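Colleague: Got a structure for you, run00.txt, holding compact mmCIF, C-alpha atoms.
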# COMPACT_ATOMS: atom_id res chain seq x y z
CA MET A 1 73.41 69.09 -47.04
CA GLY A 2 74.38 72.63 -47.86
CA GLU A 3 71.02 73.44 -49.34
CA HIS A 4 69.29 72.70 -46.10
CA THR A 5 71.03 75.35 -44.14
CA GLU A 6 72.80 77.75 -46.49
CA HIS A 7 70.24 79.19 -48.85
CA THR A 8 67.61 80.19 -46.42
CA GLN A 9 67.44 83.85 -47.28
CA THR A 10 64.13 85.09 -48.45
CA THR A 11 63.94 86.01 -52.09
CA GLY A 12 62.79 89.59 -52.12
CA ASN A 13 59.58 90.90 -50.71
CA SER A 14 57.23 89.44 -53.25
CA SER A 15 53.71 89.36 -51.95
CA GLU A 16 53.10 85.89 -53.33
CA PRO A 17 53.07 83.58 -50.34
CA ARG A 18 54.99 80.35 -50.41
CA ILE A 19 53.08 77.42 -48.99
CA MET A 20 54.73 74.13 -48.20
CA ALA A 21 52.42 71.15 -48.23
CA PHE A 22 53.35 67.83 -46.67
CA VAL A 23 50.92 65.28 -48.01
CA CYS A 24 50.50 61.55 -47.86
CA ASN A 25 50.95 59.47 -50.97
CA TRP A 26 47.67 57.62 -50.81
CA CYS A 27 45.00 60.19 -50.18
CA THR A 28 45.92 63.83 -50.41
CA TYR A 29 48.49 63.41 -53.15
CA ALA A 30 46.01 61.33 -55.13
CA GLY A 31 43.39 64.00 -54.46
CA ALA A 32 45.73 66.68 -55.76
CA ASP A 33 46.48 64.47 -58.73
CA LEU A 34 42.78 64.14 -59.43
CA ALA A 35 42.48 67.92 -59.33
CA GLY A 36 45.23 68.06 -61.91
CA THR A 37 43.84 65.43 -64.25
CA SER A 38 40.42 67.03 -63.95
CA ARG A 39 41.98 70.30 -65.13
CA MET A 40 40.89 72.17 -62.05
CA GLU A 41 42.59 75.46 -61.50
CA TYR A 42 44.01 76.59 -58.20
CA ARG A 43 46.60 78.97 -56.79
CA PRO A 44 50.13 78.04 -57.82
CA ASN A 45 51.71 78.97 -54.49
CA VAL A 46 51.87 75.51 -53.05
CA ARG A 47 54.94 73.27 -53.10
CA VAL A 48 53.92 69.70 -52.50
CA ILE A 49 56.13 67.18 -50.75
CA LYS A 50 54.83 63.66 -50.95
CA LEU A 51 55.48 61.26 -48.11
CA PRO A 52 54.33 57.67 -47.71
CA CYS A 53 52.04 58.52 -44.82
CA THR A 54 51.20 61.36 -42.46
CA GLY A 55 52.75 59.20 -39.77
CA ARG A 56 56.05 59.85 -41.54
CA ILE A 57 55.80 63.60 -40.98
CA ASP A 58 58.21 64.60 -38.26
CA PRO A 59 57.43 67.93 -36.57
CA LEU A 60 60.94 68.94 -37.59
CA PHE A 61 59.81 68.95 -41.25
CA ILE A 62 57.46 71.77 -40.41
CA ILE A 63 60.09 73.69 -38.47
CA LYS A 64 62.51 73.17 -41.34
CA ALA A 65 59.96 74.42 -43.85
CA PHE A 66 59.59 77.66 -41.92
CA GLU A 67 63.36 77.92 -41.58
CA ASN A 68 63.75 77.58 -45.32
CA GLY A 69 61.40 80.41 -46.05
CA ALA A 70 57.89 78.98 -46.14
CA ASP A 71 55.23 81.53 -45.27
CA GLY A 72 52.70 78.85 -44.50
CA VAL A 73 52.71 75.10 -44.01
CA LEU A 74 49.96 72.66 -44.79
CA VAL A 75 49.88 69.10 -43.55
CA SER A 76 47.36 66.76 -45.05
CA GLY A 77 46.58 63.07 -45.23
CA CYS A 78 43.90 60.41 -45.22
CA HIS A 79 40.77 60.81 -43.17
CA PRO A 80 40.81 58.89 -39.88
CA GLY A 81 40.03 55.27 -40.63
CA ASP A 82 41.23 55.49 -44.23
CA CYS A 83 44.97 55.18 -43.70
CA HIS A 84 46.70 52.94 -46.23
CA TYR A 85 48.80 51.62 -43.36
CA THR A 86 45.73 51.31 -41.12
CA THR A 87 46.87 53.53 -38.25
CA GLY A 88 49.48 56.02 -39.46
CA ASN A 89 47.18 58.99 -39.45
CA TYR A 90 45.93 58.21 -35.95
CA HIS A 91 49.50 58.39 -34.70
CA ALA A 92 50.03 61.57 -36.70
CA ARG A 93 46.92 63.11 -35.18
CA ARG A 94 48.23 62.51 -31.65
CA ARG A 95 51.53 64.09 -32.56
CA TRP A 96 49.87 67.12 -34.15
CA ILE A 97 47.66 67.72 -31.14
CA ALA A 98 50.82 68.16 -29.06
CA PHE A 99 52.75 69.97 -31.77
CA LYS A 100 50.00 72.39 -32.71
CA ASN A 101 49.61 73.41 -29.08
CA LEU A 102 53.36 73.78 -28.71
CA MET A 103 53.62 75.97 -31.80
CA GLU A 104 50.71 78.05 -30.59
CA PHE A 105 52.36 78.41 -27.20
CA VAL A 106 55.60 79.75 -28.64
CA GLY A 107 53.61 82.23 -30.68
CA ILE A 108 53.47 80.88 -34.22
CA ASP A 109 50.40 82.36 -35.87
CA MET A 110 48.04 79.44 -36.42
CA ARG A 111 46.90 80.97 -39.68
CA ARG A 112 50.27 79.91 -41.04
CA LEU A 113 50.02 76.28 -40.03
CA HIS A 114 47.15 74.22 -41.38
CA PHE A 115 46.12 70.64 -40.94
CA SER A 116 43.61 68.86 -43.09
CA TRP A 117 42.23 65.52 -44.17
CA VAL A 118 41.81 65.23 -47.95
CA SER A 119 40.89 61.92 -49.53
CA ALA A 120 41.80 60.67 -53.03
CA SER A 121 38.41 61.69 -54.37
CA GLU A 122 38.25 65.11 -52.77
CA ALA A 123 39.87 67.10 -55.55
CA ILE A 124 37.44 69.95 -54.96
CA LYS A 125 38.29 70.05 -51.28
CA TRP A 126 42.00 70.21 -52.17
CA VAL A 127 41.43 73.09 -54.58
CA ASP A 128 39.39 75.01 -52.02
CA LEU A 129 41.92 74.25 -49.32
CA ILE A 130 44.86 75.56 -51.31
CA ASN A 131 42.95 78.64 -52.37
CA ASN A 132 41.87 79.37 -48.80
CA VAL A 133 45.27 78.76 -47.27
CA THR A 134 46.98 80.87 -49.91
CA GLU A 135 44.47 83.62 -49.33
CA GLU A 136 44.89 83.52 -45.57
CA VAL A 137 48.70 83.39 -45.62
CA GLY A 138 48.79 86.00 -48.36
CA LYS A 139 46.92 88.42 -46.11
CA LEU A 140 49.53 87.94 -43.39
CA GLY A 141 52.37 88.57 -45.83
CA PRO A 142 55.79 86.97 -45.68
CA PHE A 143 56.70 85.27 -42.41
CA MET A 144 59.27 87.91 -41.54
CA GLU A 145 59.35 87.01 -37.85
CA TYR A 146 60.79 83.63 -38.68
CA LYS A 147 62.87 84.72 -41.64
CA GLY A 148 64.46 87.38 -39.53
CA LEU A 149 65.73 84.91 -36.96
CA GLY A 150 68.76 83.79 -38.92
CA ALA A 151 70.02 87.31 -39.38
CA GLN A 152 69.70 88.28 -35.74
CA ALA A 153 72.99 88.20 -33.91
CA VAL A 154 73.28 86.64 -30.50
CA GLU A 155 73.07 89.35 -27.91
CA MET B 1 65.94 59.24 8.45
CA GLU B 2 69.38 59.87 7.02
CA ASN B 3 70.71 57.07 9.19
CA ALA B 4 67.97 54.75 8.02
CA VAL B 5 69.06 55.41 4.41
CA ARG B 6 72.68 54.64 5.34
CA GLU B 7 71.71 51.47 7.21
CA LYS B 8 69.61 50.29 4.29
CA ALA B 9 72.42 50.98 1.82
CA LYS B 10 74.93 49.23 4.03
CA GLY B 11 72.68 46.21 4.36
CA LEU B 12 72.08 45.94 0.63
CA LEU B 13 75.77 46.23 -0.19
CA THR B 14 76.85 43.79 2.51
CA SER B 15 74.37 41.15 1.41
CA GLY B 16 75.51 41.64 -2.17
CA GLU B 17 71.95 42.25 -3.32
CA VAL B 18 73.16 45.38 -5.08
CA LYS B 19 76.62 46.37 -6.23
CA VAL B 20 76.21 50.13 -6.11
CA VAL B 21 73.98 52.55 -4.25
CA ILE B 22 73.26 55.77 -6.10
CA GLY B 23 72.42 58.54 -3.67
CA TRP B 24 73.25 62.04 -2.55
CA GLY B 25 76.27 63.10 -0.53
CA TRP B 26 77.84 66.40 0.50
CA ASN B 27 80.16 68.15 -1.86
CA ARG B 28 83.67 68.94 -0.64
CA ASN B 29 82.67 72.22 1.00
CA GLY B 30 79.55 70.78 2.55
CA THR B 31 77.43 73.46 0.90
CA ARG B 32 75.54 71.46 -1.70
CA THR B 33 74.65 67.87 -2.32
CA THR B 34 76.09 65.95 -5.18
CA PRO B 35 75.44 62.47 -6.58
CA VAL B 36 77.53 59.76 -4.89
CA PHE B 37 78.02 56.16 -5.93
CA ILE B 38 78.63 53.88 -2.97
CA THR B 39 80.14 50.51 -3.80
CA ARG B 40 81.58 49.51 -0.39
CA PRO B 41 79.43 49.03 2.72
CA GLU B 42 81.86 51.06 4.84
CA ASP B 43 81.28 54.12 2.65
CA ALA B 44 77.53 54.16 3.27
CA GLY B 45 78.05 56.92 5.82
CA ARG B 46 78.63 59.36 2.99
CA LEU B 47 74.98 59.22 2.01
CA VAL B 48 72.82 62.13 3.06
CA TRP B 49 69.17 63.05 2.81
CA ASN B 50 67.85 66.59 3.26
CA PRO B 51 65.89 69.19 1.29
CA LEU B 52 69.03 70.12 -0.66
CA CYS B 53 68.96 66.75 -2.42
CA VAL B 54 67.52 68.13 -5.62
CA ASN B 55 69.24 66.02 -8.28
CA ASN B 56 67.09 63.55 -10.11
CA LEU B 57 69.41 60.57 -9.91
CA SER B 58 67.36 58.41 -12.26
CA VAL B 59 69.53 59.74 -15.10
CA TYR B 60 72.25 57.38 -13.89
CA LEU B 61 70.06 54.38 -14.69
CA THR B 62 70.02 55.19 -18.39
CA ARG B 63 72.36 54.01 -21.08
CA LYS B 64 74.03 57.40 -21.03
CA PHE B 65 76.02 56.07 -18.08
CA LYS B 66 77.46 52.79 -19.21
CA ASP B 67 80.25 53.02 -16.63
CA ILE B 68 77.69 53.01 -13.84
CA GLN B 69 75.76 50.16 -15.41
CA ALA B 70 79.05 48.25 -15.53
CA LEU B 71 79.26 48.35 -11.74
CA GLY B 72 76.39 45.89 -11.43
CA ARG B 73 72.88 45.94 -10.04
CA PRO B 74 72.09 49.39 -8.66
CA ALA B 75 70.03 50.61 -5.77
CA ILE B 76 68.86 54.19 -6.07
CA VAL B 77 67.76 56.61 -3.39
CA ALA B 78 64.82 58.40 -4.90
CA LYS B 79 62.15 60.94 -4.06
CA GLY B 80 58.66 60.44 -5.45
CA CYS B 81 59.36 62.77 -8.36
CA ASP B 82 62.52 60.84 -9.26
CA ILE B 83 60.55 57.61 -9.15
CA LYS B 84 58.18 59.05 -11.76
CA ASN B 85 61.11 59.18 -14.17
CA ILE B 86 62.09 55.62 -13.29
CA ALA B 87 58.50 54.57 -14.04
CA VAL B 88 58.77 56.16 -17.49
CA LEU B 89 62.10 54.44 -18.08
CA VAL B 90 60.50 51.12 -17.15
CA SER B 91 57.51 51.75 -19.40
CA GLU B 92 59.87 52.54 -22.27
CA ALA B 93 61.86 49.35 -21.68
CA GLN B 94 65.04 51.21 -20.72
CA VAL B 95 65.23 49.63 -17.29
CA LYS B 96 63.70 46.44 -16.00
CA ARG B 97 61.85 47.06 -12.77
CA GLU B 98 63.50 44.06 -11.12
CA ASP B 99 66.96 45.25 -12.16
CA VAL B 100 66.90 48.24 -9.87
CA TYR B 101 66.31 48.45 -6.13
CA ILE B 102 64.42 51.64 -5.33
CA ILE B 103 64.99 53.09 -1.86
CA GLY B 104 62.09 55.50 -1.72
CA VAL B 105 62.37 58.44 0.64
CA THR B 106 59.38 60.44 1.78
CA CYS B 107 59.91 64.09 0.99
CA ASP B 108 58.45 67.35 2.18
CA GLY B 109 59.86 69.33 -0.69
CA VAL B 110 63.27 70.34 -1.94
CA VAL B 111 65.08 73.65 -2.21
CA TYR B 112 66.00 74.93 -5.63
CA ARG B 113 67.31 78.28 -4.56
CA GLN B 114 70.01 76.94 -2.34
CA GLU B 115 71.27 80.39 -1.41
CA LEU B 116 67.97 80.94 0.44
CA TRP B 117 68.32 77.75 2.48
CA LYS B 118 68.63 78.64 6.14
CA GLY B 119 68.03 75.16 7.52
CA GLU B 120 64.27 75.45 7.41
CA LEU B 121 61.96 74.38 4.61
CA THR B 122 59.49 77.15 3.78
CA PRO B 123 57.13 77.22 0.77
CA ASN B 124 58.78 80.24 -0.84
CA ILE B 125 62.05 78.41 -1.46
CA MET B 126 60.39 75.33 -2.95
CA PRO B 127 59.78 74.92 -6.69
CA THR B 128 56.30 74.66 -8.20
CA LYS B 129 56.50 70.90 -8.48
CA CYS B 130 56.76 70.52 -4.69
CA HIS B 131 53.69 72.68 -4.06
CA ASN B 132 51.61 70.32 -6.21
CA CYS B 133 53.37 67.08 -5.32
CA ASP B 134 51.17 64.03 -4.96
CA VAL B 135 54.06 61.59 -4.57
CA ARG B 136 55.60 62.79 -1.33
CA ASN B 137 55.10 59.20 -0.28
CA PRO B 138 56.92 57.23 -3.01
CA HIS B 139 54.42 55.41 -5.21
CA ILE B 140 56.76 52.74 -6.56
CA ALA B 141 59.57 51.50 -4.32
CA ASP B 142 61.15 48.39 -2.85
CA CYS B 143 61.32 50.00 0.55
CA VAL B 144 60.17 53.37 1.81
CA ILE B 145 62.14 55.30 4.40
CA GLY B 146 60.70 58.15 6.42
CA ASP B 147 57.43 59.07 8.09
CA ARG B 148 54.35 59.17 5.93
CA SER B 149 53.60 62.62 4.64
CA GLY B 150 50.03 63.79 5.08
CA PHE B 151 50.36 66.51 2.47
CA VAL B 152 47.40 66.87 0.14
CA PRO B 153 48.15 68.76 -3.09
CA PRO B 154 45.73 71.53 -4.10
CA GLU B 155 42.80 70.50 -6.28
CA ALA B 156 43.82 72.76 -9.15
CA PRO B 157 47.58 72.93 -9.68
CA ALA B 158 48.97 76.23 -8.52
CA GLY B 159 52.29 77.97 -8.41
CA MET B 160 54.56 80.22 -10.37
CA VAL B 161 54.85 77.98 -13.44
CA PHE B 162 51.09 77.66 -13.82
CA ASP B 163 50.58 81.39 -13.30
CA ARG B 164 53.14 82.23 -15.95
CA ILE B 165 51.60 79.77 -18.43
CA LYS B 166 48.22 81.33 -17.83
CA ALA B 167 49.63 84.80 -18.33
CA LEU B 168 51.31 83.74 -21.57
CA ASP B 169 48.20 82.02 -22.88
CA ALA B 170 46.25 85.20 -22.34
CA LYS B 171 48.62 87.18 -24.54
CA GLU B 172 48.54 87.71 -28.28
CA SER B 173 50.54 85.21 -30.27
CA ALA B 174 52.96 87.93 -31.40
CA GLN B 175 53.74 88.74 -27.78
CA ARG B 176 54.31 85.07 -26.97
CA TRP B 177 56.62 84.86 -29.96
CA GLU B 178 58.56 87.87 -28.75
CA PHE B 179 58.79 86.41 -25.26
CA TRP B 180 60.08 83.05 -26.40
CA ILE B 181 62.51 84.34 -29.01
CA LYS B 182 64.00 86.55 -26.33
CA GLU B 183 64.26 83.65 -23.89
CA PHE B 184 65.60 81.19 -26.45
CA SER B 185 68.08 83.70 -27.87
CA ARG B 186 70.08 83.31 -24.66
CA CYS B 187 70.52 79.60 -25.36
CA VAL B 188 74.17 78.71 -25.91
CA LYS B 189 73.47 75.17 -27.09
CA CYS B 190 75.32 73.62 -24.18
CA TYR B 191 72.70 70.83 -24.13
CA ALA B 192 72.76 70.74 -20.34
CA CYS B 193 68.97 70.35 -20.49
CA ARG B 194 69.44 67.17 -22.48
CA GLN B 195 72.32 65.78 -20.45
CA VAL B 196 70.55 66.16 -17.14
CA CYS B 197 67.29 64.67 -18.39
CA SER B 198 66.81 61.01 -17.65
CA LEU B 199 64.31 60.73 -20.48
CA CYS B 200 66.67 62.15 -23.12
CA TYR B 201 68.54 58.89 -23.43
CA CYS B 202 69.04 58.57 -27.21
CA GLU B 203 72.57 57.45 -27.90
CA ARG B 204 72.66 59.74 -30.88
CA CYS B 205 70.57 62.82 -30.43
CA ILE B 206 68.84 64.34 -33.46
CA THR B 207 70.86 67.48 -32.93
CA GLU B 208 74.06 65.53 -33.54
CA LYS B 209 72.83 64.12 -36.83
CA ASN B 210 74.31 66.18 -39.62
CA MET B 211 73.49 64.31 -42.82
CA PRO B 212 71.36 66.35 -43.21
CA GLN B 213 71.77 68.86 -40.44
CA TRP B 214 68.27 68.94 -39.01
CA ILE B 215 68.95 71.33 -36.20
CA GLU B 216 71.37 74.13 -36.81
CA THR B 217 74.17 73.85 -34.31
CA SER B 218 75.19 77.48 -34.05
CA ALA B 219 73.59 79.37 -31.22
CA HIS B 220 71.55 81.86 -33.19
CA PRO B 221 67.84 82.41 -32.59
CA ARG B 222 66.67 80.22 -35.46
CA GLY B 223 68.70 77.19 -34.43
CA ASN B 224 67.83 77.79 -30.79
CA LEU B 225 64.13 77.82 -31.55
CA SER B 226 64.43 74.64 -33.55
CA TRP B 227 66.36 72.89 -30.79
CA ASN B 228 64.05 73.96 -27.99
CA LEU B 229 60.90 73.05 -29.92
CA THR B 230 62.32 69.66 -30.80
CA ARG B 231 63.47 68.98 -27.26
CA ALA B 232 60.01 69.82 -25.94
CA MET B 233 58.32 67.75 -28.63
CA HIS B 234 60.48 64.70 -27.95
CA LEU B 235 59.41 64.89 -24.31
CA ALA B 236 55.72 65.31 -25.04
CA GLY B 237 53.74 62.81 -22.99
CA ARG B 238 56.94 61.65 -21.28
CA CYS B 239 58.18 64.59 -19.24
CA THR B 240 57.29 64.28 -15.57
CA PHE B 241 58.00 67.91 -14.68
CA CYS B 242 60.96 67.07 -12.49
CA GLY B 243 62.39 70.44 -13.44
CA GLU B 244 65.99 69.33 -13.85
CA CYS B 245 66.39 70.91 -17.31
CA GLU B 246 65.51 74.35 -16.09
CA ARG B 247 67.68 73.90 -13.00
CA ALA B 248 70.62 72.86 -15.18
CA CYS B 249 70.16 75.67 -17.69
CA PRO B 250 73.04 78.12 -17.28
CA VAL B 251 71.08 80.97 -18.84
CA ASN B 252 67.78 80.33 -17.02
CA ILE B 253 65.51 79.64 -19.95
CA PRO B 254 62.09 78.84 -18.41
CA LEU B 255 61.90 75.33 -19.86
CA ASN B 256 59.41 74.34 -17.17
CA LEU B 257 56.81 76.47 -18.91
CA VAL B 258 57.10 74.58 -22.19
CA ASN B 259 57.24 71.23 -20.42
CA GLN B 260 54.27 71.92 -18.17
CA LYS B 261 52.30 73.29 -21.10
CA LEU B 262 52.74 70.03 -22.99
CA ILE B 263 51.98 67.99 -19.87
CA THR B 264 48.69 69.89 -19.57
CA VAL B 265 47.92 69.38 -23.27
CA VAL B 266 48.58 65.65 -23.01
CA LYS B 267 46.49 65.38 -19.87
CA ASP B 268 43.57 67.24 -21.41
CA ALA B 269 43.72 65.51 -24.79
CA PHE B 270 44.69 61.95 -23.86
CA ASP B 271 43.91 61.84 -20.13
CA TYR B 272 47.44 60.67 -19.44
CA ARG B 273 49.91 61.63 -16.75
CA SER B 274 53.38 60.22 -17.17
CA GLY B 275 55.30 58.60 -14.35
CA TYR B 276 52.50 57.02 -12.36
CA ASP B 277 52.07 53.66 -14.01
CA ALA B 278 55.10 51.79 -15.29
CA SER B 279 52.92 49.35 -17.23
CA ALA B 280 51.04 51.97 -19.24
CA HIS B 281 52.09 52.76 -22.79
CA PRO B 282 53.45 56.28 -23.31
CA PRO B 283 50.72 58.29 -25.08
CA MET B 284 52.75 59.15 -28.16
CA ILE B 285 53.32 55.53 -29.18
CA VAL B 286 49.66 54.59 -29.03
CA PHE B 287 46.50 56.28 -30.25
CA SER B 288 42.78 56.18 -29.86
CA PRO B 289 40.35 56.47 -32.78
CA GLU B 290 38.39 58.76 -30.45
CA ASP B 291 41.17 61.34 -30.10
CA LYS B 292 39.59 64.76 -30.27
CA GLU B 293 40.91 67.87 -31.94
CA ASN B 294 39.29 70.89 -33.54
CA PHE B 295 41.96 72.16 -35.88
CA ILE B 296 42.22 69.48 -38.60
CA LYS B 297 39.83 70.60 -41.29
Starting from the file, lay out its structure as structure tokens.
Modeller:
Amino acid sequence: MGEHTEHTQTTGNSSEPRIMAFVCNWCTYAGADLAGTSRMEYRPNVRVIKLPCTGRIDPLFIIKAFENGADGVLVSGCHPGDCHYTTGNYHARRRWIAFKNLMEFVGIDMRRLHFSWVSASEAIKWVDLINNVTEEVGKLGPFMEYKGLGAQAVE
Amino acid sequence: MENAVREKAKGLLTSGEVKVVIGWGWNRNGTRTTPVFITRPEDAGRLVWNPLCVNNLSVYLTRKFKDIQALGRPAIVAKGCDIKNIAVLVSEAQVKREDVYIIGVTCDGVVYRQELWKGELTPNIMPTKCHNCDVRNPHIADCVIGDRSGFVPPEAPAGMVFDRIKALDAKESAQRWEFWIKEFSRCVKCYACRQVCSLCYCERCITEKNMPQWIETSAHPRGNLSWNLTRAMHLAGRCTFCGECERACPVNIPLNLVNQKLITVVKDAFDYRSGYDASAHPPMIVFSPEDKENFIK
């Protein structure tokens, strides 16, 4: 429990962005796996968290990722129609439509929050995606606005 | 009209059709209205109805108030906007429609800034929701009391909340961030917004779950942001814009802006407005393969 809330300080000002990826087990994770077994090379900045389905991704995961020092978050799963559980990604899509607009409204830079569909055979898409996201977040630098929140005292 | 409400309540209690009437009454000083729970026919005279009756009493129908449920079948005096919340509660299987007697009252608007109330209802003392109200004549009720209102809401919703949303949307995201962090930093985590909301009826709120601690409980900007985002998200597609959360907020965080923003998003994306049809599924528990977005790559 402690780890969730205690060690949230940013580790230095390294320019390497930290990307948190929430992916579904059946498509995107398999796609990333294919990239690995095919010996494709991509930026090492991504930390992958595998979940059974995109429908399992609570918006709080994304908030928590930012709280714990992620500079960018990527959410990815099966293409619509391909969900292993038939409809999980449709539900997820509805949720993201609301959540993305909410995050945009409170002023989170949308270049830090990415959504994607990557299937089990799209290793190349995964590699490009990670490279692009890392590039984009890297340009923005560390997410100091969010990281600074914990240190701010209540006025 | 007030007398008609009292007569109706008296009749219902005398016949035994309901065991309690939930309505508004004067507070001790006679300056504000407060929720009253009438269980005896002879007390029906305590009920009042006037533009100061702002409380959304539908919260007392939820499982948050087991002591009121224990009294027996309720009747509730409700404005159109309160009935919207009851409709959502029915659609989410929290209340059975036949288990509650709705005494609908026609309404010309309520007064949020009670200090400006001089006995006359003028547009400048009414909240945004009243300016755009299309349920001044209750849309779901067992009986309706009061003369029919001929008010027609403006074609495009207008008012302070909509203007402020527009102004915020026009800004850079960094400025919006600054605005919201400043607003949320005042939050003291009193959870009044949750307590007053009839749609926040979870018996154990996510913010009280601490294994793991999803939402930091201390009132610093990071935990405040997390709480307010989660609260808004949990009400996406459900909130009816009754405005009680902002009214209850002791530090005046403009929660109506977040709520109305999500209502607009849901309306545009899923063509759904909550609170009008008790038989419709809430938009976040269903989906359509045709849902459109432009940000998933």
Colleague: Identify all chain A residues at most 7 Å from chain B by counting only C-alpha atoms; ligands do not count. Present them as a list of chain:residue names.
Modeller: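 Result, ordered by chain then number: A:Met1, A:Leu60, A:Ile63, A:Tyr90, A:His91, A:Arg94, A:Arg95, A:Ile97, A:Ala98, A:Phe99, A:Leu102, A:Phe105, A:Val106, A:Gly107, A:Ile108, A:Asp109, A:Phe115, A:Ser116, A:Trp117, A:Leu149, A:Gly150, A:Gln152, A:Ala153, A:Val154.
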Colleague: Give me, as JSON, numbers by chain, all polymer residues having an atom no more than 7 Å from Gly88 of chain A, counting only C-alpha atoms and skipping those fewer than 3 positions away in the same chain.
Modeller: {"A": [53, 54, 55, 83, 85, 91, 92]}
Colleague: Using atom CA of Val77 of chain B and atom CA of Arg204 of chain B as the two end points, give the distance in Å to one decimal.
Modeller: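 Spanning atom CA of Val77 of chain B to atom CA of Arg204 of chain B is a straight-line distance of 28.1 Å.
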Colleague: Write out as a VMD selection string each polymer residue whose atoms come within 12 Å of Lys118 of chain B, counting all atoms listed in the file; drop sequence neighbours fewer than 6 positions from it.
Modeller: chain B and resid 31 51 to 52 111 125
Colleague: Pick from B:Ala93, B:Ala4, B:Ile83, B:Phe37: nearest to Asp67 of chain B, with only C-alpha atoms counted?
Modeller: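 Counting only C-alpha atoms, the residue closest to Asp67 of chain B is B:Phe37.
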Colleague: With distances taken over all atoms listed in the file, which residue among B:Arg273, B:Pro282, B:Ser198, B:Ala248 lies nearest Phe65 of chain B?
Modeller: B:Ser198
